[in-house]
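Below is the file data-v5.cif, which contains mmCIF, C-alpha atoms, pLDDT in the B column; chains and numbers go by the auth columns.
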data_query
loop_
_atom_site.group_PDB
_atom_site.id
_atom_site.type_symbol
_atom_site.label_atom_id
_atom_site.label_comp_id
_atom_site.label_asym_id
_atom_site.label_seq_id
_atom_site.Cartn_x
_atom_site.Cartn_y
_atom_site.Cartn_z
_atom_site.B_iso_or_equiv
_atom_site.auth_seq_id
_atom_site.auth_asym_id
ATOM 1 C CA MET A 1 -2.978 -9.244 -5.602 64.00 1 W
ATOM 2 C CA ASP A 2 -6.060 -9.656 -3.437 78.00 2 W
ATOM 3 C CA VAL A 3 -6.970 -7.386 -0.542 78.00 3 W
ATOM 4 C CA VAL A 4 -9.647 -7.753 2.133 82.00 4 W
ATOM 5 C CA VAL A 5 -12.663 -5.599 1.234 86.00 5 W
ATOM 6 C CA GLY A 6 -15.015 -6.926 3.892 90.00 6 W
ATOM 7 C CA ARG A 7 -15.786 -9.559 6.494 93.00 7 W
ATOM 8 C CA VAL A 8 -19.101 -11.360 6.859 95.00 8 W
ATOM 9 C CA ALA A 9 -20.429 -10.521 10.329 95.00 9 W
ATOM 10 C CA LYS A 10 -23.643 -12.559 10.248 96.00 10 W
ATOM 11 C CA ALA A 11 -26.641 -13.684 8.269 96.00 11 W
ATOM 12 C CA HIS A 12 -29.480 -11.173 7.996 97.00 12 W
ATOM 13 C CA GLY A 13 -33.027 -12.373 7.468 93.00 13 W
ATOM 14 C CA ILE A 14 -34.102 -15.681 5.983 93.00 14 W
ATOM 15 C CA THR A 15 -33.224 -15.254 2.307 93.00 15 W
ATOM 16 C CA GLY A 16 -29.411 -15.394 2.409 94.00 16 W
ATOM 17 C CA GLU A 17 -28.617 -11.716 2.875 97.00 17 W
ATOM 18 C CA LEU A 18 -25.348 -11.070 4.721 97.00 18 W
ATOM 19 C CA ALA A 19 -24.301 -8.263 7.077 96.00 19 W
ATOM 20 C CA VAL A 20 -20.772 -7.271 6.033 96.00 20 W
ATOM 21 C CA ASP A 21 -18.220 -5.181 7.920 93.00 21 W
ATOM 22 C CA VAL A 22 -16.718 -3.102 5.117 91.00 22 W
ATOM 23 C CA ARG A 23 -12.931 -2.776 4.895 85.00 23 W
ATOM 24 C CA THR A 24 -12.590 -0.666 1.770 82.00 24 W
ATOM 25 C CA ASP A 25 -12.762 3.033 0.979 76.00 25 W
ATOM 26 C CA SER A 26 -14.794 2.304 -2.144 81.00 26 W
ATOM 27 C CA PRO A 27 -17.684 -0.002 -1.181 89.00 27 W
ATOM 28 C CA GLU A 28 -19.779 1.379 -4.040 89.00 28 W
ATOM 29 C CA LEU A 29 -17.253 -0.105 -6.490 86.00 29 W
ATOM 30 C CA ARG A 30 -16.341 -3.282 -4.621 89.00 30 W
ATOM 31 C CA PHE A 31 -19.950 -4.238 -3.865 95.00 31 W
ATOM 32 C CA ALA A 32 -21.512 -3.010 -7.124 94.00 32 W
ATOM 33 C CA ILE A 33 -24.147 -5.281 -8.652 96.00 33 W
ATOM 34 C CA GLY A 34 -22.424 -7.852 -10.860 95.00 34 W
ATOM 35 C CA SER A 35 -19.014 -7.534 -9.212 93.00 35 W
ATOM 36 C CA THR A 36 -17.325 -10.759 -8.171 93.00 36 W
ATOM 37 C CA MET A 37 -14.994 -11.427 -5.293 93.00 37 W
ATOM 38 C CA GLN A 38 -13.241 -14.314 -3.653 94.00 38 W
ATOM 39 C CA ALA A 39 -14.549 -15.483 -0.309 95.00 39 W
ATOM 40 C CA LYS A 40 -11.981 -17.021 2.029 93.00 40 W
ATOM 41 C CA LEU A 41 -13.918 -19.186 4.461 93.00 41 W
ATOM 42 C CA ARG A 42 -12.858 -19.913 8.027 90.00 42 W
ATOM 43 C CA ASP A 43 -11.876 -23.468 7.069 91.00 43 W
ATOM 44 C CA GLY A 44 -9.349 -22.091 4.563 88.00 44 W
ATOM 45 C CA THR A 45 -11.334 -22.909 1.433 93.00 45 W
ATOM 46 C CA SER A 46 -12.251 -20.264 -1.133 93.00 46 W
ATOM 47 C CA ARG A 47 -15.155 -19.681 -3.458 95.00 47 W
ATOM 48 C CA SER A 48 -16.239 -17.002 -5.867 95.00 48 W
ATOM 49 C CA LEU A 49 -19.282 -14.827 -5.058 96.00 49 W
ATOM 50 C CA THR A 50 -21.234 -12.451 -7.319 97.00 50 W
ATOM 51 C CA VAL A 51 -23.028 -9.415 -5.846 97.00 51 W
ATOM 52 C CA THR A 52 -26.730 -9.106 -6.721 97.00 52 W
ATOM 53 C CA ALA A 53 -27.637 -6.339 -4.242 97.00 53 W
ATOM 54 C CA ALA A 54 -26.043 -4.180 -1.548 96.00 54 W
ATOM 55 C CA ARG A 55 -27.425 -1.534 0.797 96.00 55 W
ATOM 56 C CA PRO A 56 -26.207 0.245 3.933 94.00 56 W
ATOM 57 C CA HIS A 57 -27.733 -0.799 7.257 93.00 57 W
ATOM 58 C CA ALA A 58 -26.707 0.103 10.836 90.00 58 W
ATOM 59 C CA GLY A 59 -23.047 0.790 10.037 89.00 59 W
ATOM 60 C CA ARG A 60 -22.679 -2.298 7.882 93.00 60 W
ATOM 61 C CA LEU A 61 -23.509 -3.252 4.349 96.00 61 W
ATOM 62 C CA LEU A 62 -26.253 -5.788 3.681 97.00 62 W
ATOM 63 C CA VAL A 63 -25.165 -7.817 0.660 97.00 63 W
ATOM 64 C CA ARG A 64 -26.875 -10.455 -1.439 97.00 64 W
ATOM 65 C CA PHE A 65 -24.786 -12.851 -3.489 97.00 65 W
ATOM 66 C CA GLU A 66 -26.052 -14.960 -6.382 97.00 66 W
ATOM 67 C CA GLU A 67 -24.590 -18.093 -4.771 97.00 67 W
ATOM 68 C CA VAL A 68 -26.178 -17.537 -1.323 96.00 68 W
ATOM 69 C CA VAL A 69 -29.941 -18.082 -1.366 94.00 69 W
ATOM 70 C CA THR A 70 -30.791 -19.444 2.086 95.00 70 W
ATOM 71 C CA ARG A 71 -30.118 -18.467 5.669 95.00 71 W
ATOM 72 C CA ASP A 72 -28.294 -21.774 6.255 95.00 72 W
ATOM 73 C CA VAL A 73 -25.805 -21.012 3.488 95.00 73 W
ATOM 74 C CA ALA A 74 -25.463 -17.443 4.804 96.00 74 W
ATOM 75 C CA GLU A 75 -24.818 -18.700 8.362 95.00 75 W
ATOM 76 C CA ALA A 76 -22.046 -20.962 7.063 95.00 76 W
ATOM 77 C CA LEU A 77 -20.293 -17.846 5.715 96.00 77 W
ATOM 78 C CA ARG A 78 -20.068 -16.077 9.101 96.00 78 W
ATOM 79 C CA GLY A 79 -16.483 -14.842 9.567 94.00 79 W
ATOM 80 C CA THR A 80 -15.618 -15.188 5.878 95.00 80 W
ATOM 81 C CA LEU A 81 -13.151 -12.671 4.464 93.00 81 W
ATOM 82 C CA LEU A 82 -14.224 -11.077 1.188 94.00 82 W
ATOM 83 C CA LEU A 83 -11.295 -10.388 -1.130 91.00 83 W
ATOM 84 C CA GLY A 84 -11.064 -8.040 -4.089 84.00 84 W
ATOM 85 C CA SER A 85 -8.322 -7.626 -6.648 78.00 85 W
ATOM 86 C CA THR A 86 -6.054 -4.589 -6.493 70.00 86 W
ATOM 87 C CA ASP A 87 -6.235 -4.551 -10.313 70.00 87 W
ATOM 88 C CA ASP A 88 -9.833 -3.318 -10.005 66.00 88 W
ATOM 89 C CA LEU A 89 -8.881 -0.188 -8.053 66.00 89 W
ATOM 90 C CA PRO A 90 -8.867 3.169 -9.798 66.00 90 W
ATOM 91 C CA PRO A 91 -5.596 5.104 -9.625 67.00 91 W
ATOM 92 C CA THR A 92 -5.388 7.723 -6.889 71.00 92 W
ATOM 93 C CA ASP A 93 -5.081 11.286 -8.156 72.00 93 W
ATOM 94 C CA ASP A 94 -3.934 12.668 -4.808 74.00 94 W
ATOM 95 C CA PRO A 95 -0.170 12.217 -4.189 74.00 95 W
ATOM 96 C CA ASP A 96 -0.890 12.033 -0.432 77.00 96 W
ATOM 97 C CA GLU A 97 -3.429 9.201 -0.778 78.00 97 W
ATOM 98 C CA PHE A 98 -2.430 5.535 -0.722 82.00 98 W
ATOM 99 C CA TYR A 99 -4.110 2.169 -0.771 77.00 99 W
ATOM 100 C CA ASP A 100 -3.276 -0.030 2.223 81.00 100 W
ATOM 101 C CA HIS A 101 -1.703 -2.715 0.043 78.00 101 W
ATOM 102 C CA GLU A 102 0.748 -0.147 -1.363 85.00 102 W
ATOM 103 C CA LEU A 103 2.101 0.562 2.137 90.00 103 W
ATOM 104 C CA GLU A 104 2.200 -2.990 3.471 89.00 104 W
ATOM 105 C CA GLY A 105 5.730 -4.385 3.220 93.00 105 W
ATOM 106 C CA LEU A 106 7.493 -1.029 2.894 96.00 106 W
ATOM 107 C CA ALA A 107 10.666 -0.532 4.925 96.00 107 W
ATOM 108 C CA ALA A 108 10.246 1.910 7.819 96.00 108 W
ATOM 109 C CA GLU A 109 13.251 4.103 8.518 96.00 109 W
ATOM 110 C CA LEU A 110 14.115 7.172 10.531 96.00 110 W
ATOM 111 C CA VAL A 111 14.959 10.529 8.948 95.00 111 W
ATOM 112 C CA ASP A 112 18.680 9.694 9.271 96.00 112 W
ATOM 113 C CA GLY A 113 18.188 6.454 7.275 94.00 113 W
ATOM 114 C CA THR A 114 18.259 4.049 10.237 93.00 114 W
ATOM 115 C CA LYS A 115 15.967 1.104 9.458 95.00 115 W
ATOM 116 C CA ILE A 116 13.450 0.455 12.236 94.00 116 W
ATOM 117 C CA GLY A 117 11.242 -2.240 10.717 95.00 117 W
ATOM 118 C CA THR A 118 8.648 -3.098 8.084 96.00 118 W
ATOM 119 C CA VAL A 119 5.058 -1.884 7.671 95.00 119 W
ATOM 120 C CA LYS A 120 2.831 -4.877 8.430 92.00 120 W
ATOM 121 C CA GLU A 121 -0.585 -3.262 8.003 88.00 121 W
ATOM 122 C CA ILE A 122 -2.633 -0.102 8.406 87.00 122 W
ATOM 123 C CA LEU A 123 -5.193 0.143 11.192 83.00 123 W
ATOM 124 C CA HIS A 124 -8.180 2.386 10.532 77.00 124 W
ATOM 125 C CA GLY A 125 -9.621 3.776 13.741 74.00 125 W
ATOM 126 C CA PRO A 126 -11.912 6.606 14.733 76.00 126 W
ATOM 127 C CA GLY A 127 -8.885 8.780 15.573 81.00 127 W
ATOM 128 C CA GLY A 128 -7.165 8.167 12.234 83.00 128 W
ATOM 129 C CA GLU A 129 -4.849 5.654 10.620 88.00 129 W
ATOM 130 C CA LEU A 130 -1.934 3.897 12.311 91.00 130 W
ATOM 131 C CA LEU A 131 0.966 2.144 10.617 94.00 131 W
ATOM 132 C CA VAL A 132 1.703 -1.165 12.316 93.00 132 W
ATOM 133 C CA VAL A 133 5.481 -1.570 12.031 95.00 133 W
ATOM 134 C CA ILE A 134 7.124 -4.913 12.799 95.00 134 W
ATOM 135 C CA ARG A 135 10.295 -4.301 14.809 93.00 135 W
ATOM 136 C CA ASP A 136 12.752 -6.496 16.624 88.00 136 W
ATOM 137 C CA GLY A 137 10.921 -7.430 19.778 80.00 137 W
ATOM 138 C CA GLY A 138 7.390 -6.579 18.657 89.00 138 W
ATOM 139 C CA GLU A 139 5.262 -4.047 16.883 92.00 139 W
ATOM 140 C CA ALA A 140 5.084 -0.263 16.962 92.00 140 W
ATOM 141 C CA LEU A 141 1.953 1.744 16.217 93.00 141 W
ATOM 142 C CA ILE A 142 2.840 4.900 14.301 94.00 142 W
ATOM 143 C CA PRO A 143 0.206 7.616 13.724 95.00 143 W
ATOM 144 C CA PHE A 144 -0.016 8.037 9.960 94.00 144 W
ATOM 145 C CA VAL A 145 0.143 11.832 9.861 93.00 145 W
ATOM 146 C CA ARG A 146 2.531 14.058 7.882 93.00 146 W
ATOM 147 C CA GLU A 147 4.248 15.378 11.040 95.00 147 W
ATOM 148 C CA ILE A 148 5.361 11.856 11.992 95.00 148 W
ATOM 149 C CA VAL A 149 5.493 10.198 8.546 96.00 149 W
ATOM 150 C CA PRO A 150 6.842 13.012 6.343 95.00 150 W
ATOM 151 C CA THR A 151 7.807 10.796 3.400 95.00 151 W
ATOM 152 C CA VAL A 152 6.053 7.887 1.717 94.00 152 W
ATOM 153 C CA ASP A 153 8.093 6.553 -1.194 93.00 153 W
ATOM 154 C CA VAL A 154 6.134 3.629 -2.606 89.00 154 W
ATOM 155 C CA ARG A 155 8.400 3.250 -5.644 89.00 155 W
ATOM 156 C CA GLY A 156 11.483 3.385 -3.403 94.00 156 W
ATOM 157 C CA GLY A 157 9.925 0.858 -0.994 95.00 157 W
ATOM 158 C CA ARG A 158 10.098 2.961 2.161 96.00 158 W
ATOM 159 C CA VAL A 159 8.353 5.258 4.591 97.00 159 W
ATOM 160 C CA VAL A 160 10.314 7.789 6.629 96.00 160 W
ATOM 161 C CA ILE A 161 9.372 8.158 10.294 96.00 161 W
ATOM 162 C CA ASP A 162 10.150 11.283 12.342 95.00 162 W
ATOM 163 C CA PRO A 163 8.823 10.101 15.734 94.00 163 W
ATOM 164 C CA PRO A 164 8.245 12.384 18.701 92.00 164 W
ATOM 165 C CA GLU A 165 10.277 11.520 21.763 91.00 165 W
ATOM 166 C CA GLY A 166 9.158 8.279 23.379 88.00 166 W
ATOM 167 C CA LEU A 167 7.071 6.918 20.471 89.00 167 W
ATOM 168 C CA LEU A 168 9.488 4.108 19.653 86.00 168 W
ATOM 169 C CA ASP A 169 10.732 3.450 23.182 80.00 169 W
ATOM 170 C CA ALA A 170 10.265 -0.077 24.489 63.00 170 W
ATOM 171 C CA ASP A 171 7.696 -0.527 27.246 51.00 171 W
#
What would the structure in this file look like if it were written as structure tokens?
Amino acid sequence: MDVVVGRVAKAHGITGELAVDVRTDSPELRFAIGSTMQAKLRDGTSRSLTVTAARPHAGRLLVRFEEVVTRDVAEALRGTLLLGSTDDLPPTDDPDEFYDHELEGLAAELVDGTKIGTVKEILHGPGGELLVVIRDGGEALIPFVREIVPTVDVRGGRVVIDPPEGLLDAD
């Protein structure tokens, strides 16, 4: 399975370097020299890219790919999603640590077993992570903290939500 590890924000300089918004907890592994990834372009096509250099810069990662040698080629990649394989991820040793792809698609249910929806994605913000749960009539944003999400059962295909009053109320 492929997961988004970054998004090309813009070209940087004249030699094909790209400014990438990182969307992975392990950029040092995903963007290591010699690593390859799939690039999903805005037009829906895909191509393989091989990292030749990567360095942090102003909150982004500046990346050079073997296949991108000019600014024109780099500009054409603006908005491209960079995908990595979940097979390349090391196992997590912490039982309270999960990869986003492990949570996406899990059933969300209340402590009493009532199903409330399905985890669509995980949003990473400055205040912490939020589970985006698809529900009848829309989406709910659930703070991903132990007090509200006391149980994550990846093998069982579910997360248990113990919401404070009002969290799941319709607007």
Check your understanding: For the atom pair atom CA of Lys10 of chain W and atom CA of Ala76 of chain W, what is the interatomic distance in Å to one decimal place?
Key -> 9.1 Å
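Of the residues under consideration (W:Ala32, W:Val160, W:Val63, W:Val22), W:Val22 shows the shortest atom-to-atom contact distance to His124 of chain W when counting all atoms listed in the file.
Coordinates place atom CA of Pro126 of chain W at a distance of 23.0 Å from atom CA of Pro95 of chain W.
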Check your understanding: Could you write out as a list in words the residues that the PyMOL selection byres ((chain W and resi 83) around 8) matches in the shown file?
Key -> Asp2, Val3, Val4, Val5, Gly6, Met37, Gln38, Ala39, Lys40, Leu81, Leu82, Gly84 and Ser85 of chain W
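From atom CA of Gly13 of chain W back to atom CA of Glu75 of chain W, the distance works out to 10.4 Å.
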Study note, to complete from the structure: In terms of all atoms listed in the file, the residue from W:Arg55, W:Arg30, W:Arg146, W:Arg135 at minimal distance from Glu97 of chain W is W:Arg146
Produce the centre coordinates and the three edge lengths, each in Å to one decimal, of the box along x, y and z that contains all listed atoms of segment 38-48 of chain W with 4 Å added on each side, as AutoDock Vina command-line options.
--center_x -12.8 --center_y -18.9 --center_z 1.1 --size_x 14.9 --size_y 17.2 --size_z 21.9
Exercise for review: Give as a ChimeraX atom specification the residues that the PyMOL selection byres ((chain W and resi 145) around 10) matches when applied to the coordinates above.
Suggested key: /W:128-131,142-144,146-150,161
Selected residues written out with C-alpha atoms, as a PDB file, in the frame of the given file:
ATOM      1  CA  GLY W 128      -7.165   8.167  12.234  1.00 83.00           C
ATOM      2  CA  GLU W 129      -4.849   5.654  10.620  1.00 88.00           C
ATOM      3  CA  LEU W 130      -1.934   3.897  12.311  1.00 91.00           C
ATOM      4  CA  LEU W 131       0.966   2.144  10.617  1.00 94.00           C
ATOM      5  CA  ILE W 142       2.840   4.900  14.301  1.00 94.00           C
ATOM      6  CA  PRO W 143       0.206   7.616  13.724  1.00 95.00           C
ATOM      7  CA  PHE W 144      -0.016   8.037   9.960  1.00 94.00           C
ATOM      8  CA  ARG W 146       2.531  14.058   7.882  1.00 93.00           C
ATOM      9  CA  GLU W 147       4.248  15.378  11.040  1.00 95.00           C
ATOM     10  CA  ILE W 148       5.361  11.856  11.992  1.00 95.00           C
ATOM     11  CA  VAL W 149       5.493  10.198   8.546  1.00 96.00           C
ATOM     12  CA  PRO W 150       6.842  13.012   6.343  1.00 95.00           C
ATOM     13  CA  ILE W 161       9.372   8.158  10.294  1.00 96.00           C
TER      14      ILE W 161
END
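Near Ala9 of chain W, within a cut-off of 7 Å and counting all atoms listed in the file, sit the residues Ala19, Val20, Asp21, Arg78 and Gly79 of chain W, with same-chain residues fewer than 5 positions away left out.
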Those residues with C-alpha atoms, as a PDB file, in the frame of the given file please?
ATOM      1  CA  ALA W  19     -24.301  -8.263   7.077  1.00 96.00           C
ATOM      2  CA  VAL W  20     -20.772  -7.271   6.033  1.00 96.00           C
ATOM      3  CA  ASP W  21     -18.220  -5.181   7.920  1.00 93.00           C
ATOM      4  CA  ARG W  78     -20.068 -16.077   9.101  1.00 96.00           C
ATOM      5  CA  GLY W  79     -16.483 -14.842   9.567  1.00 94.00           C
TER       6      GLY W  79
END
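Using all atoms listed in the file for every distance, the candidate list W:Leu41, W:Arg23, W:Glu66, W:Thr50 yields W:Arg23 as the residue closest to Ile122 of chain W.
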